[in-house]
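Note sheet for the following structure.
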Amino acid sequence: MVHKMLADVTARIVARSKPGRQSYLARIAAAASKSPQRRVLGCANQAHGFAACAPGDKAVLRVGDGASLAIVTAYNDMLSAHQPYERFPDLIRAAARAAGGVAMVAGGVPAMCDGITQGEAGMELSLFSRDVIALSTAIALSHQTFDAAVYLGICDKIVPGLVIGALSFGHLPAVFIPAGPMTSGLPNAEKSRIRELYAQGKVSRADLLEAESQSYHGPGTCTFYGTANTNQMMMEIMGLHLPGAAFVNPNTKLRDALTHEAARRAMGITATGNDYTPVGLMLDERVFANAIIGLLATGGSTNHTLHLVAMAQAAGIVLIWDDFADLAAVTPLMCHIYPNGKADVNHFQAAGGTGFLIRELLAAGLLHADVKTIFGTGLQAYATEPGLDAQGQVIWREAAGQSGDDTVLRGLNNPFQASGGLKVLDGPLGRAIMKISAVVPERHVIEAPAMVFASQEDVQAAFRAGALNQDCVVVVRFQGPKANGMPELHKLMPPLGVLQDKGFKVALVTDGRLSGASGKVPAAIHVTPEAADFGAIGKIRDGDLIRVDGVKGTLTVLVDPAEFAARDPVRADLSANHVGVGRELFGAFRHLVGTADTGASIFAKVMA
């Protein structure tokens, strides 16, 4: 039986989404066809579509009934997470041919690395890259010659962008194929320790680079539980992956077998067969509620309070932050993966992984079991883990009955904490998100004077000058989507962590993002309305007493209300953030972008 809160929240989502969802479903139904999609094209159109194909593939596309499978890929060989995808198209083509069809790379999408751009100007393009990826996906599929698509993407904005793009062609089945995490390197806790020592000037840049190189050392996703790995968990719990596919390391026999099987499955769920599974119909309100539960139970990336809202919009579904807050109240935290603990995702996988997680949540009624998945069954089939039989074919066995390491992954009879570790804060400063899963309970409430900054570079300069050695709430504003694209403020964490370790009461309030960098320092992020949109965060002055309360869920300025209301918000000259490193090309995005609580998307108004 489904938990009452999950049932209530899902019913609320269904009710508020009804007009948009009905319109969306009607649109994708009109686009569907029981014969191969290419048959509706003119002869010249079709000839262009198979001109470069091998003779056998050309014959299938010209006169055969086999399905045509699009490959939309985020491959590049600079990103460790995406480098393994270089080999995937050949694996997918072979699987498609074996199933009597054809697979082709339909298009590529950009894939930037937040790890490379963190603290740099390029990070101001990061969130907008999600919407560029959605647009690029739509262009790749716009030839209207495909019967299904597989999506090769891993990292932060890439998977949400691919989902949004796939939903714009919601009449097509969609299968997401992961590449897996890199093997474990330098432990994350040691990496964090060296970063803080560097922030204090106690180790050299060469020492820091060596530590980082030992952490990020080979092909695959970074092993900490940031947005990239939260994406992978989420694709699985939403039924867009094969069961257990998320965290199998790259370039292994099991990884290749799962890729072959995923392509075969995509060929089997087109409208030309008997198990038609269009992605737009599959991703319903229950699936998005399940995704929120997965995010909360694992202590995943706060970026998904933006991305899930934007992804749902693309399917005609309206999520709001209150849905996250209400589900967080009843979803126990089951995982301790860095930055919420010392372990990495390989340790999580070894302890039982997503199969154990899903089994536990289903047993407690905290997931909708009766959803459609690409595997052709309900979510119970995902309470399994994959392996290989004697012939090298993928088989699935029941997930482990208990966690292999209860310092990393626990059952619901012994969670790390009773709630999912995410709070929505409300108050005179607006709305914000607070991730408390990695924050010790005695720091869930911080009350201290404000120290106000307009950039993370200014915070670092104040830290180096010793000006932050006191109890303080560091306010970093003009970091929202309208201001400068809402960059992740990774470089704030080492100095703030040092201040906290010195015994000071420290918190962060910002209209920017932290994402997977959210850790031990209490932080109210995604503050909306943002400073560039005349939000109250722009009225804060140095010395104002700020209260960040992760228990009651409030964000308060302890200033006389009449005095605070009379203040004019501070304005900032942001022109320097709007040119260079391609930023001048994104002026239209900054103008069109919606608020953080509506997904910070350029599509929000169009899809409303």
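Chain lettering (A, B, ...) mirrors the order of the structure tokens, residue numbering begins at 1 for each chain separately, and ligand numbering begins at 1 in order of display.
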Taking the DSSP assignment computed from this structure's backbone, write out as a ChimeraX atom specification all residues of stretch 259-293 of chain A that belong to alpha helix (DSSP H). /A:259-268,279-282,285-293
Using C-alpha atoms, can you export the residues from the last selection as a tab-separated table (two decimals), in the first residue's frame?
chain	number	residue	atom	x	y	z
A	259	THR	CA	24.51	-1.28	-23.20
A	260	HIS	CA	23.68	-3.99	-25.76
A	261	GLU	CA	20.59	-5.01	-23.77
A	262	ALA	CA	19.41	-1.39	-23.41
A	263	ALA	CA	19.56	-0.89	-27.17
A	264	ARG	CA	17.73	-4.17	-27.73
A	265	ARG	CA	15.07	-3.08	-25.30
A	266	ALA	CA	14.66	0.28	-27.06
A	267	MET	CA	14.01	-1.61	-30.31
A	268	GLY	CA	11.36	-3.69	-28.56
A	279	VAL	CA	8.30	8.26	-22.87
A	280	GLY	CA	5.74	11.04	-22.54
A	281	LEU	CA	3.08	8.61	-21.36
A	282	MET	CA	5.51	6.65	-19.18
A	285	GLU	CA	2.90	12.19	-12.00
A	286	ARG	CA	3.67	9.01	-10.04
A	287	VAL	CA	7.08	8.67	-11.66
A	288	PHE	CA	8.05	12.23	-10.73
A	289	ALA	CA	6.87	11.65	-7.16
A	290	ASN	CA	9.07	8.53	-7.10
A	291	ALA	CA	12.01	10.60	-8.34
A	292	ILE	CA	11.59	13.05	-5.45
A	293	ILE	CA	11.52	10.16	-2.98
Surrounding residues of stretch 275-277 of chain A excluding itself and chain neighbours under 2 positions, 8 Å, only C-alpha atoms, as a JSON list (two decimals) with C-alpha atoms, in the first residue's frame:
[["chain", "number", "residue", "atom", "x", "y", "z"],
["A", 172, "LEU", "CA", 8.91, 8.12, -29.01],
["A", 173, "PRO", "CA", 10.23, 5.57, -26.52],
["A", 268, "GLY", "CA", 11.36, -3.69, -28.56],
["A", 269, "ILE", "CA", 9.19, -0.87, -27.24],
["A", 270, "THR", "CA", 8.50, 1.10, -30.42],
["A", 271, "ALA", "CA", 5.03, 1.65, -31.87],
["A", 272, "THR", "CA", 5.79, -0.96, -34.54],
["A", 273, "GLY", "CA", 5.66, -3.74, -31.91],
["A", 279, "VAL", "CA", 8.30, 8.26, -22.87],
["A", 281, "LEU", "CA", 3.08, 8.61, -21.36],
["A", 282, "MET", "CA", 5.51, 6.65, -19.18],
["A", 372, "LYS", "CA", 5.49, 1.80, -16.48],
["A", 374, "ILE", "CA", 11.36, 0.62, -20.14],
["A", 376, "GLY", "CA", 8.18, -3.57, -19.41]]
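Using only C-alpha atoms, the shortest contact distance between A:Lys342 and any of A:Val102, A:Ile177, A:Ala189, A:Ile28 is found at A:Ala189.
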As a ChimeraX atom specification, please: every residue in stretch 8-83 of chain A that DSSP puts in strand (DSSP E). /A:68-73
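For the atom pair formed by atom CA of A:Pro19 and atom CA of A:Gly316, the distance is 8.1 Å, given to one decimal.
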So that I can see what lies close to A:Val248, please list as JSON, numbers by chain the residues with an atom at most 12 Å from it, counting only C-alpha atoms and leaving out residues fewer than 4 positions away in the same chain. {"A": [177, 178, 179, 180, 181, 182, 183, 220, 221, 223, 229, 232, 233, 242, 243, 244, 252, 253, 254, 255, 256, 257, 258, 259, 345, 346, 347, 348, 349, 350, 353, 354, 385, 386, 387]}
Now that the selection is made, can you save its residues with C-alpha atoms as a PDB file, in the first residue's frame?
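Everything below was put into out.pdb:
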ATOM      1  CA  ILE A 177      22.190   4.403 -21.150  1.00  0.00           C
ATOM      2  CA  PRO A 178      24.759   5.236 -18.440  1.00  0.00           C
ATOM      3  CA  ALA A 179      28.514   4.797 -18.713  1.00  0.00           C
ATOM      4  CA  GLY A 180      29.188   4.242 -15.016  1.00  0.00           C
ATOM      5  CA  PRO A 181      31.458   5.726 -12.336  1.00  0.00           C
ATOM      6  CA  MET A 182      35.244   5.704 -12.374  1.00  0.00           C
ATOM      7  CA  THR A 183      36.901   3.361  -9.935  1.00  0.00           C
ATOM      8  CA  GLY A 220      33.847   7.402 -15.612  1.00  0.00           C
ATOM      9  CA  THR A 221      31.713   9.661 -13.476  1.00  0.00           C
ATOM     10  CA  THR A 223      32.621   9.126  -7.555  1.00  0.00           C
ATOM     11  CA  ASN A 229      25.401  10.399  -9.782  1.00  0.00           C
ATOM     12  CA  GLN A 232      21.936   8.151 -12.552  1.00  0.00           C
ATOM     13  CA  MET A 233      20.043   7.016  -9.462  1.00  0.00           C
ATOM     14  CA  LEU A 242      17.661  -0.993 -17.140  1.00  0.00           C
ATOM     15  CA  PRO A 243      17.549  -2.247 -13.536  1.00  0.00           C
ATOM     16  CA  GLY A 244      20.868  -1.880 -11.741  1.00  0.00           C
ATOM     17  CA  THR A 252      33.727  -3.896 -18.203  1.00  0.00           C
ATOM     18  CA  LYS A 253      31.958  -6.904 -19.709  1.00  0.00           C
ATOM     19  CA  LEU A 254      28.842  -6.202 -17.652  1.00  0.00           C
ATOM     20  CA  ARG A 255      28.792  -2.557 -18.730  1.00  0.00           C
ATOM     21  CA  ASP A 256      28.976  -3.529 -22.431  1.00  0.00           C
ATOM     22  CA  ALA A 257      26.337  -6.222 -22.004  1.00  0.00           C
ATOM     23  CA  LEU A 258      23.981  -3.733 -20.338  1.00  0.00           C
ATOM     24  CA  THR A 259      24.512  -1.283 -23.198  1.00  0.00           C
ATOM     25  CA  VAL A 345      29.196   5.573  -5.130  1.00  0.00           C
ATOM     26  CA  ASN A 346      31.296   2.445  -5.656  1.00  0.00           C
ATOM     27  CA  HIS A 347      30.943   1.742  -1.946  1.00  0.00           C
ATOM     28  CA  PHE A 348      27.197   2.405  -2.257  1.00  0.00           C
ATOM     29  CA  GLN A 349      26.985  -0.055  -5.148  1.00  0.00           C
ATOM     30  CA  ALA A 350      28.923  -2.693  -3.233  1.00  0.00           C
ATOM     31  CA  GLY A 353      23.059  -0.101  -4.535  1.00  0.00           C
ATOM     32  CA  THR A 354      19.825   0.964  -6.122  1.00  0.00           C
ATOM     33  CA  GLU A 385      20.929  -6.359  -9.510  1.00  0.00           C
ATOM     34  CA  PRO A 386      22.411  -7.383 -12.872  1.00  0.00           C
ATOM     35  CA  GLY A 387      25.060  -9.985 -13.602  1.00  0.00           C
TER      36      GLY A 387
END
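The closest residue to A:Ala600, picked from A:Val309, A:Val474, A:Ile71, A:Leu295 and counting only C-alpha atoms, is A:Val309.
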Distance of atom CA of A:Val498 from atom CA of A:Leu209, expressed in Å to one decimal place: 19.4 Å
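Going from atom CA of A:Gly42 over to atom CA of A:His143, you cover 11.8 Å.
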Counting only C-alpha atoms, which of A:Val557, A:Leu367, A:Leu186, A:Ile139 gets nearest to A:Arg541? A:Val557
Check the smallest atom-to-atom distance from each of A:Phe586, A:Asp458, A:Ala576, A:His444 to A:Asp549 using only C-alpha atoms, then report the winner. A:His444
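Checking A:Leu489, A:Ile540, A:Ala81, A:Ile317 one by one against A:Glu563, counting only C-alpha atoms, you find the shortest gap at A:Ile540.
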Excluding same-chain residues fewer than 6 positions from A:Tyr382, what lies within 12 Å of it counting only C-alpha atoms, as a ChimeraX atom specification? /A:233,235-246,353-362,367,369-376,396-399
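The shortest atom-to-atom distance to A:Ala94, with only C-alpha atoms taken into account, belongs to A:Leu69 out of A:Val408, A:Cys222, A:Leu69, A:Leu79.
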